[in-house]
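A.B. asks: Below you'll find the structure I mean.
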Protein chains: 2
Amino acid sequence: MGWEHVRTDLLHEGPFLSLYRDKVIRPDGRPGTYEHVAVSDGVRVVAVDQSECVALVEDDFYLPQRRVLHLPGGGAGGQAPEEAALRELEEETGVVASELRALAVIDPLPATTTARTHLFLATGLRLGTMRRDDTEIGMTVQWRTLDWALAAVEDGRITEAGSVSALLLAERALRSTPGL
Amino acid sequence: MGWEHVRTDLLHEGPFLSLYRDKVIRPDGRPGTYEHVAVSDGVRVVAVDQSECVALVEDDFYLPQRRVLHLPGGGAGGQAPEEAALRELEEETGVVASELRALAVIDPLPATTTARTHLFLATGLRLGTMRRDDTEIGMTVQWRTLDWALAAVEDGRITEAGSVSALLLAERALRSTPGL
């Protein structure tokens, strides 16, 4: 059984976010409505150098009204996830990766949006060209040991879901394949 | 510097989701708009029994139009996160936990919503009373080893961000404090 889709109405179309209201038949057979939003898919990258340091970026987030520490990444903006990951990594940290390995694809809020976040492990790093967009002018980069970043996840300094998931998955991937 | 808030307008108020458009000053000093949504905070619980098995639930999700495997949990619905976690755990799996430990609080989509997901580790389990709501009539429970659940995270059978993060954090917590 499950949920049955009857009709979709667009309630609002904004530059980065659209809102829909669907008529549905609920799992208990009763008619209902289901509101949901469309936003861009996202990417997050754990870029690991030869001393097992990872790139973290910090910038100003509007909604929490504070600086947020997270992995390089952002909206895929219509690109393939792999391309978007390499582009965001270079734009935000100035490094280019020769190897990109998929860690996972997560659903940040699957009851609210179908947007997914693609998580990658990037290795084989060399210098490229930093190019930040206009809303990222306050962004700073930190290279930290993976252990530092994992401690930051555990003590609440890193909370963005894609960054949390990707760092924890990268630790498992690197532990099972040392020197990856 | 950062983003400056000027004014908030409510564009839509639905039963589970509200949409806002803010007038802002962007980090580059230019005026702009920022649209964001409000949804309930969430909770997810890793409930571990004495044989290191964890409770997983599977039910019908509307947006992906398929059954989704995830940790017990859901919307906090105005309750304190701890209360909501214990309530959802009992409603969905029929078990009551005597110990609840905070693992982390994550931000699923911090550029789109301020909603947070609270992650817990629950131990000291005993039988309680299952009570599902009307949209959860197709829900099933599975008790799986933690290793099974972690493999499911790594191979993409578990993708919901709170479940992914909580299972990976629980593994680290249990590894550092065996027999917790």
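Residue numbers start at 1 in each chain; chains themselves are named A, B, ... in the order of the structure tokens; ligands are numbered from 1 in the order shown.
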Using 6 Å as the limit and counting only C-alpha atoms, can you tabulate each residue of chain A that touches chain B, with its shortest atom-to-atom distance in Å and the two atoms involved, as CSV?

C.D. replies:
```
residue,atom,partner,partner_atom,distance
A:Gly2,CA,B:Asp60,CA,5.2
A:Trp3,CA,B:Tyr62,CA,5.4
A:Pro27,CA,B:Thr135,CA,5.5
A:Asp60,CA,B:Gly2,CA,5.2
A:Tyr62,CA,B:Trp3,CA,5.4
A:Ile106,CA,B:Thr159,CA,4.6
A:Asp107,CA,B:Glu160,CA,4.8
A:Pro108,CA,B:Ala161,CA,4.9
A:Thr135,CA,B:Pro27,CA,5.5
A:Thr159,CA,B:Ile106,CA,4.6
A:Glu160,CA,B:Asp107,CA,4.8
A:Ala161,CA,B:Pro108,CA,4.8
A:Ser165,CA,B:Ser165,CA,5.3
```

A.B. asks: Pick out the residues sitting within 9 Å of Gln50 (chain B), and hand them over as a PyMOL selection string; count only C-alpha atoms, and ignore anything fewer than 3 positions along from it in its own chain.

C.D. replies: chain B and resi 53+123-125+179

A.B. asks: Where in chain B does DSSP assign alpha helix (DSSP H), given as a count of residues only?

C.D. replies: 38

A.B. asks: Near Ala84 (chain B), within 9 Å and counting only C-alpha atoms, which residues show up once chain neighbours fewer than 4 positions away are dropped, as a PDB file with C-alpha atoms, in the first residue's frame?

C.D. replies:
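Written file, around01.pdb:
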```pdb
ATOM      1  CA  GLY B  42      13.754  15.452  14.823  1.00  0.00           C
ATOM      2  CA  VAL B  43      15.091  12.651  16.997  1.00  0.00           C
ATOM      3  CA  GLY B  73      12.555   8.375  15.678  1.00  0.00           C
ATOM      4  CA  GLY B  74      10.609  11.190  14.099  1.00  0.00           C
ATOM      5  CA  GLY B  75       9.461  14.705  14.834  1.00  0.00           C
ATOM      6  CA  ALA B  76       9.996  16.016  18.346  1.00  0.00           C
ATOM      7  CA  GLY B  77       6.572  17.641  18.150  1.00  0.00           C
ATOM      8  CA  GLY B  78       7.283  20.261  20.781  1.00  0.00           C
ATOM      9  CA  GLN B  79       8.600  17.767  23.368  1.00  0.00           C
ATOM     10  CA  ALA B  80      12.097  17.919  24.849  1.00  0.00           C
ATOM     11  CA  GLU B  88       9.201   7.422  19.509  1.00  0.00           C
ATOM     12  CA  LEU B  89      11.300   4.415  20.515  1.00  0.00           C
TER      13      LEU B  89
END
```

A.B. asks: Report the distance between CA of Ser98 (chain A) and CA of Ala85 (chain A) in Å, rounded to one decimal place.

C.D. replies: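 About the pair CA of Ser98 (chain A) and CA of Ala85 (chain A): they are 12.1 Å apart.
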
A.B. asks: Rank A:Glu52, A:Asp41, A:Glu82, A:Glu91 by their smallest atom-to-atom distance to Leu174 (chain A), using only C-alpha atoms, and report the top residue only.

C.D. replies: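 Ranked by minimum distance to Leu174 (chain A), first place goes to A:Glu52.
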
A.B. asks: Which one is closest to Leu71 (chain A): A:Ser176, A:Thr93, A:Thr8, A:Ser40? Count only C-alpha atoms.

C.D. replies: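 Under the stated criterion, the closest residue is A:Thr93.
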
A.B. asks: Can you work out the spacing between CA of Arg101 (chain A) and CA of Gly128 (chain A) in Å, to one decimal?

C.D. replies: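 Result for CA of Arg101 (chain A) versus CA of Gly128 (chain A): 19.2 Å, one decimal.
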
A.B. asks: Report the residues of chain B whose backbone DSSP state falls under strand (DSSP E or B), written as a VMD selection string.

C.D. replies: chain B and resid 4 to 13 18 to 25 31 to 38 42 to 48 53 to 61 66 to 70 73 to 75 95 to 107 113 117 to 127 140 to 145 160

A.B. asks: Would you compute the distance between CA of Arg131 (chain A) and CA of Val95 (chain A)? Give it in Å to one decimal.

C.D. replies: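 Interatomic distance, CA of Arg131 (chain A) to CA of Val95 (chain A): 10.8 Å.
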
A.B. asks: Can you list, as a ChimeraX atom specification, every protein, DNA or RNA residue that comes within 7 Å of Leu100 (chain A) when you count only C-alpha atoms, leaving out same-chain residues fewer than 3 positions away?

C.D. replies: /A:97,120-123
